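Asker: Here it is, the structure, as structure tokens.
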Amino acid sequence: MSLKVGIIGYGVMGKTRHQAIDELKCGKVIAVSEPNNQPEINGLPNVDHDGIIKHPDIDIVFVCTPNFLNKDLTIRSLNAGKHVFCEKPPAFTEADVAEIREAEVKSGKKLMYGFNHRHHDSVIRMKELIDSGEYGKVLWLRGRYGKSVTADYFNQWRAKKELAGGGILMDQGIHMLDLFLYLSGDYDVVKAEVSNLYWHMDVEDNAFVILKDTKTGKVASLHSTMTQWRHLFSLEIFLEQGYMVLNGLITSTMSYGEETLSIARNRSTAPAATWKDEVTTKYTNNNSWRYEVDHFFDAVTKDQPVVIGTSDDAQKLMRIIDEVYKQKDF
């Protein structure tokens with residue numbers, strides 16, 4: 001029997017998730033909730049939040065709403081006996097996630113978070129190689145993730161702390177931090193400079209973050225910015241016996257450029273800075289939305305644990321976010 005799905009928040013992300021569900025034929029969306037006063041959207045009933053959460057036929061709720069709603073809707077849906085897929089961020093703080101996890105345990109239902117970057121083919125390849133040990137242990141990581149925004153950003157919900165929970169770090173940088181944790185493990189030291197020197201909003205326009213794992217000595221560096229004046233995604237991982245550099249990310253607009261992964265062994269003889277030994281792969285298809293939804297539905301239908309994007313992942317991530325925001329200077 002096909003699983004019945006309700007989507008709360010039927011904007012870009014809600015429609016994207018709906019498309020992946022349809023392509024995989026893993027479930028059937030039977031209702032949506034979008035506050036636009038239309039009784040139907042694309043032939044589907046458009047109801048209020050409770051109309052999704054309390055719907056007797058809905059098995060799974062997708063939460064694709066502005067950040068401030070994520071925690072409440074997730075807990076309410078779990079309490080109503082629904083499996084839940086929620087977009088990032090999971091909540092505003094680690095303490096919030098701890099509350100969500102209590103509801104998750106009590107419900108016995110599946111909960112997965114939409115850290116979509118984990119499901120890009122390039123990242124999957126990086127994860128495979130790191131876990132294989134072929135290039136030794138991770139020594140350090142450097143991530144840059146930025147975009148240019150226009151003046152009308154002030155009018156968007158993402159520019160308001162009470163609705164977004166934070167600025168560019170909560171919007172974009174959180175993805176890069178999640179990749180740090182996914183690809184290299186946890187960190188226990190957090191140092192940061194967080195500012196809003198240009199846009200002067202009540203949320204940050206720049207975050208510089210340094211992480212360290214005192215057990216292994218590995219260090220990760222993140223710059224998340226909305227004053228870069230161009231879109232950029234770059235993740236570099238250097239290991240004992242080689243490196244991986246991922247530049248660009250496939251998106252609907254391709255504003256971050258082509259998704260290109262370069263891998264090479266380290267070189268100990270001069271000239272060190274030659275590139276002829278690099279193996280470069282360009283990824284032309286974005287399969288991440290299908291991979292992610294497929295993983296979640298597999299967990300539900302086969303009663304398997306969610307492995308990628310768990311509430312434990314979310315809590316570790318929000319612990320770091322908490323520490324960063326404690327160090328902001330405005």
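By order of appearance in the structure tokens: chains A, B, ..., then residues from 1 within every chain, and ligands from 1 in the order shown.
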Tell me, which residues of region 121-287 of chain A carry DSSP strand (DSSP E), written as a ChimeraX atom specification?
Answerer: /A:138-148,189-195,206-212,219-225,227-239,242-247,259-265,279-283
Asker: May I have a table of the residues of region 131-242 of chain A lying at most 9 Å from region 102-123 of chain A, giving each one's closest pair of atoms and their distance in Å to one decimal, counting only C-alpha atoms, ordered by chain and ascending residue number, as a Markdown table?
Answerer:
```
| residue | atom | partner | partner_atom | distance |
| --- | --- | --- | --- | --- |
| A:Ile174 | CA | A:Phe115 | CA | 8.9 |
| A:His175 | CA | A:Phe115 | CA | 6.5 |
| A:Met176 | CA | A:His117 | CA | 8.3 |
| A:Asp178 | CA | A:Phe115 | CA | 7.4 |
| A:Leu179 | CA | A:Arg118 | CA | 6.7 |
| A:Tyr182 | CA | A:Arg118 | CA | 7.7 |
| A:Leu183 | CA | A:Val123 | CA | 8.6 |
```
Asker: Do you have, as CSV, the list of residues of region 167-283 of chain A lying at most 12 Å from region 49-72 of chain A, each with its nearest atom pair and that distance in Å to one decimal, counting only C-alpha atoms and ordered by chain then number?
Answerer:
```
residue,atom,partner,partner_atom,distance
A:Gly167,CA,A:Asn67,CA,11.2
A:Met170,CA,A:Asn67,CA,9.2
A:Asp171,CA,A:Asn67,CA,9.3
```
Asker: Fewer than 3 positions away in the same chain doesn't count, so skip those; otherwise give me all residues within 7 Å of region 125-141 of chain A, counting only C-alpha atoms, as a ChimeraX atom specification.
Answerer: /A:121-122,183-184,218-221,236-242
Asker: Keeping only N, CA and C atoms, take the residues you just selected and write them out as a PDB file, in the first residue's frame.
Answerer:
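Wrote selection-v5.pdb, looks like this:
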```pdb
ATOM      1  N   ASP A 121      26.287  13.396  -5.541  1.00  0.00           N
ATOM      2  CA  ASP A 121      27.178  12.294  -5.940  1.00  0.00           C
ATOM      3  C   ASP A 121      28.639  12.587  -5.616  1.00  0.00           C
ATOM      4  N   SER A 122      29.047  13.835  -5.734  1.00  0.00           N
ATOM      5  CA  SER A 122      30.433  14.192  -5.423  1.00  0.00           C
ATOM      6  C   SER A 122      30.752  13.959  -3.951  1.00  0.00           C
ATOM      7  N   LEU A 183      31.822  14.199   7.023  1.00  0.00           N
ATOM      8  CA  LEU A 183      33.013  13.668   6.360  1.00  0.00           C
ATOM      9  C   LEU A 183      34.199  13.449   7.294  1.00  0.00           C
ATOM     10  N   SER A 184      34.210  14.120   8.445  1.00  0.00           N
ATOM     11  CA  SER A 184      35.410  14.022   9.281  1.00  0.00           C
ATOM     12  C   SER A 184      35.149  13.812  10.759  1.00  0.00           C
ATOM     13  N   LYS A 218      42.712  17.414  14.205  1.00  0.00           N
ATOM     14  CA  LYS A 218      42.230  17.939  12.925  1.00  0.00           C
ATOM     15  C   LYS A 218      41.514  19.273  13.130  1.00  0.00           C
ATOM     16  N   VAL A 219      41.605  20.114  12.110  1.00  0.00           N
ATOM     17  CA  VAL A 219      41.043  21.461  12.164  1.00  0.00           C
ATOM     18  C   VAL A 219      40.208  21.695  10.908  1.00  0.00           C
ATOM     19  N   ALA A 220      39.108  22.433  11.061  1.00  0.00           N
ATOM     20  CA  ALA A 220      38.268  22.801   9.927  1.00  0.00           C
ATOM     21  C   ALA A 220      38.002  24.299   9.956  1.00  0.00           C
ATOM     22  N   SER A 221      38.006  24.896   8.783  1.00  0.00           N
ATOM     23  CA  SER A 221      37.805  26.342   8.657  1.00  0.00           C
ATOM     24  C   SER A 221      36.631  26.606   7.720  1.00  0.00           C
ATOM     25  N   GLU A 236      37.458  21.823   0.535  1.00  0.00           N
ATOM     26  CA  GLU A 236      38.772  21.191   0.372  1.00  0.00           C
ATOM     27  C   GLU A 236      39.051  20.303   1.579  1.00  0.00           C
ATOM     28  N   ILE A 237      39.474  19.076   1.321  1.00  0.00           N
ATOM     29  CA  ILE A 237      39.820  18.144   2.384  1.00  0.00           C
ATOM     30  C   ILE A 237      41.211  17.591   2.117  1.00  0.00           C
ATOM     31  N   PHE A 238      42.110  17.803   3.061  1.00  0.00           N
ATOM     32  CA  PHE A 238      43.479  17.314   2.918  1.00  0.00           C
ATOM     33  C   PHE A 238      43.731  16.213   3.939  1.00  0.00           C
ATOM     34  N   LEU A 239      44.224  15.101   3.416  1.00  0.00           N
ATOM     35  CA  LEU A 239      44.442  13.905   4.220  1.00  0.00           C
ATOM     36  C   LEU A 239      45.930  13.569   4.238  1.00  0.00           C
ATOM     37  N   GLU A 240      46.290  12.553   4.975  1.00  0.00           N
ATOM     38  CA  GLU A 240      47.693  12.181   5.110  1.00  0.00           C
ATOM     39  C   GLU A 240      48.325  11.829   3.766  1.00  0.00           C
ATOM     40  N   GLN A 241      47.552  11.246   2.872  1.00  0.00           N
ATOM     41  CA  GLN A 241      48.136  10.742   1.630  1.00  0.00           C
ATOM     42  C   GLN A 241      47.482  11.328   0.382  1.00  0.00           C
ATOM     43  N   GLY A 242      46.800  12.440   0.525  1.00  0.00           N
ATOM     44  CA  GLY A 242      46.187  13.028  -0.655  1.00  0.00           C
ATOM     45  C   GLY A 242      45.193  14.107  -0.313  1.00  0.00           C
TER      46      GLY A 242
END
```
Asker: DSSP says alpha helix (DSSP H) for which residues of region 30-278 of chain A? Put them as a ChimeraX atom specification?
Answerer: /A:49-53,67-79,94-107,121-132,161-164,168,174-184
Asker: Excluding same-chain residues fewer than 5 positions from Asn196 (chain A), what lies within 9 Å of it counting only C-alpha atoms, as a list in words?
Answerer: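 In the requested form, the answer reads Met201, Asp202, Val203, Glu204, Asp205, Asn206, Ala207, Asp329 and Phe330 of chain A.
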Asker: For the atom pair CA of Ala314 (chain A) and CA of Gly14 (chain A), what is the interatomic distance in Å to one decimal place?
Answerer: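 Pair CA of Ala314 (chain A) / CA of Gly14 (chain A) returns 20.3 Å.
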Asker: Pick the closest to Lys25 (chain A) from A:Val293, A:Ile250, A:Ile210, A:Cys86: which is it, counting only C-alpha atoms?
Answerer: A:Val293
Asker: If we count only C-alpha atoms and set the cut-off at 8 Å, which residues sit around region 144-161 of chain A, ignoring sequence neighbours fewer than 3 positions away in its own chain? Please answer as a list in words.
Answerer: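 Using only C-alpha atoms, the neighbours found are Pro66, Ala164, Gly165, Gly166, Gly167, Asp171, Gln172, Gly173, Met176, Met201, Asp202, Val203, Leu222, His223, Ser224, Thr225, Met226, Thr227, Gln228, Trp229, Arg230, His231, Leu232, Phe233, Ser234 and Leu235 of chain A.
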Asker: What does the distance between CA of Leu211 (chain A) and CA of Arg101 (chain A) come to in Å, to one decimal place?
Answerer: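 Value for the CA of Leu211 (chain A)-CA of Arg101 (chain A) distance: 25.1 Å.
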Asker: Report the distance between CA of Arg319 (chain A) and CA of Leu163 (chain A) in Å, rounded to one decimal place.
Answerer: 19.6 Å
Asker: Compare A:Leu73, A:Ile41, A:Val245, A:Leu78 by their minimum atom-to-atom distance to Pro90 (chain A), counting only C-alpha atoms, and give me the closest one.
Answerer: A:Leu73
Asker: Residues at most 12 Å from Val12 (chain A), counting only C-alpha atoms, excluding those fewer than 3 positions away in the same chain, as number ranges by chain?
Answerer: A: 7-9, 15-19, 34, 64-66, 87, 252
Asker: Keeping N, CA, C and O atoms, export the residues of the selection given above as a tab-separated table (two decimals), in the first residue's frame.
Answerer:
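The resulting file, part28.tsv, is shown below:
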```tsv
chain	number	residue	atom	x	y	z
A	7	ILE	N	2.41	17.63	2.93
A	7	ILE	CA	3.54	18.57	2.90
A	7	ILE	C	3.11	19.90	3.50
A	7	ILE	O	2.18	20.55	3.01
A	8	ILE	N	3.77	20.30	4.57
A	8	ILE	CA	3.51	21.60	5.19
A	8	ILE	C	4.57	22.57	4.68
A	8	ILE	O	5.76	22.40	4.93
A	9	GLY	N	4.13	23.58	3.97
A	9	GLY	CA	5.04	24.51	3.31
A	9	GLY	C	5.21	24.07	1.87
A	9	GLY	O	6.01	23.18	1.58
A	15	LYS	N	7.64	21.80	-3.15
A	15	LYS	CA	7.43	21.30	-4.52
A	15	LYS	C	8.57	20.38	-4.95
A	15	LYS	O	8.35	19.38	-5.66
A	16	THR	N	9.79	20.72	-4.53
A	16	THR	CA	10.94	19.87	-4.86
A	16	THR	C	10.80	18.49	-4.25
A	16	THR	O	11.06	17.46	-4.91
A	17	ARG	N	10.39	18.44	-2.99
A	17	ARG	CA	10.20	17.14	-2.33
A	17	ARG	C	9.06	16.37	-2.98
A	17	ARG	O	9.13	15.14	-3.16
A	18	HIS	N	8.01	17.07	-3.34
A	18	HIS	CA	6.88	16.42	-4.00
A	18	HIS	C	7.32	15.78	-5.32
A	18	HIS	O	6.97	14.62	-5.63
A	19	GLN	N	8.12	16.50	-6.08
A	19	GLN	CA	8.60	15.96	-7.36
A	19	GLN	C	9.42	14.70	-7.15
A	19	GLN	O	9.28	13.72	-7.90
A	34	GLU	N	-0.26	25.53	2.59
A	34	GLU	CA	0.44	26.74	2.19
A	34	GLU	C	-0.51	27.93	2.42
A	34	GLU	O	-1.63	27.94	1.91
A	64	CYS	N	8.44	21.79	5.36
A	64	CYS	CA	9.23	22.61	4.42
A	64	CYS	C	8.89	24.08	4.63
A	64	CYS	O	8.57	24.81	3.68
A	65	THR	N	8.97	24.52	5.86
A	65	THR	CA	8.48	25.84	6.27
A	65	THR	C	9.64	26.77	6.64
A	65	THR	O	10.78	26.33	6.78
A	66	PRO	N	9.36	28.07	6.83
A	66	PRO	CA	10.37	28.96	7.40
A	66	PRO	C	10.89	28.41	8.73
A	66	PRO	O	10.16	27.73	9.48
A	87	GLU	N	13.09	19.95	6.79
A	87	GLU	CA	14.21	20.68	6.20
A	87	GLU	C	15.10	21.28	7.29
A	87	GLU	O	14.68	21.45	8.44
A	252	SER	N	19.43	24.37	-9.31
A	252	SER	CA	18.50	24.63	-10.42
A	252	SER	C	18.95	25.80	-11.28
A	252	SER	O	18.72	25.83	-12.49
```
Asker: Would you please work out which residue, of A:Phe85, A:Lys191, A:Glu162, A:Arg76, is nearest to Val300 (chain A) when using only C-alpha atoms?
Answerer: A:Phe85
Asker: Between A:Met254, A:Pro89, A:Ile21, A:Asp312, single out the one closest to Tyr291 (chain A), counting only C-alpha atoms.
Answerer: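 Closest to Tyr291 (chain A) of all the choices is A:Ile21.
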Asker: Which is closer to Asp213 (chain A) than all the others in A:Tyr187, A:Lys282, A:Tyr198, A:Lys326, using only C-alpha atoms?
Answerer: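 Result for the nearest residue to Asp213 (chain A): A:Tyr187.
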Asker: Kindly indicate which residue among A:Ile168, A:Phe208, A:Gly143, A:Leu317 lies nearest to Met244 (chain A), using only C-alpha atoms for the distances.
Answerer: A:Gly143
Asker: Which residues, written as a list in words, have at least one atom at most 10 Å from Gln304 (chain A), with only C-alpha atoms counted and residues fewer than 6 positions away on the same chain left out?
Answerer: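 Using only C-alpha atoms, the neighbours found are Lys110, His295, Phe296, Phe297 and Asp298 of chain A.
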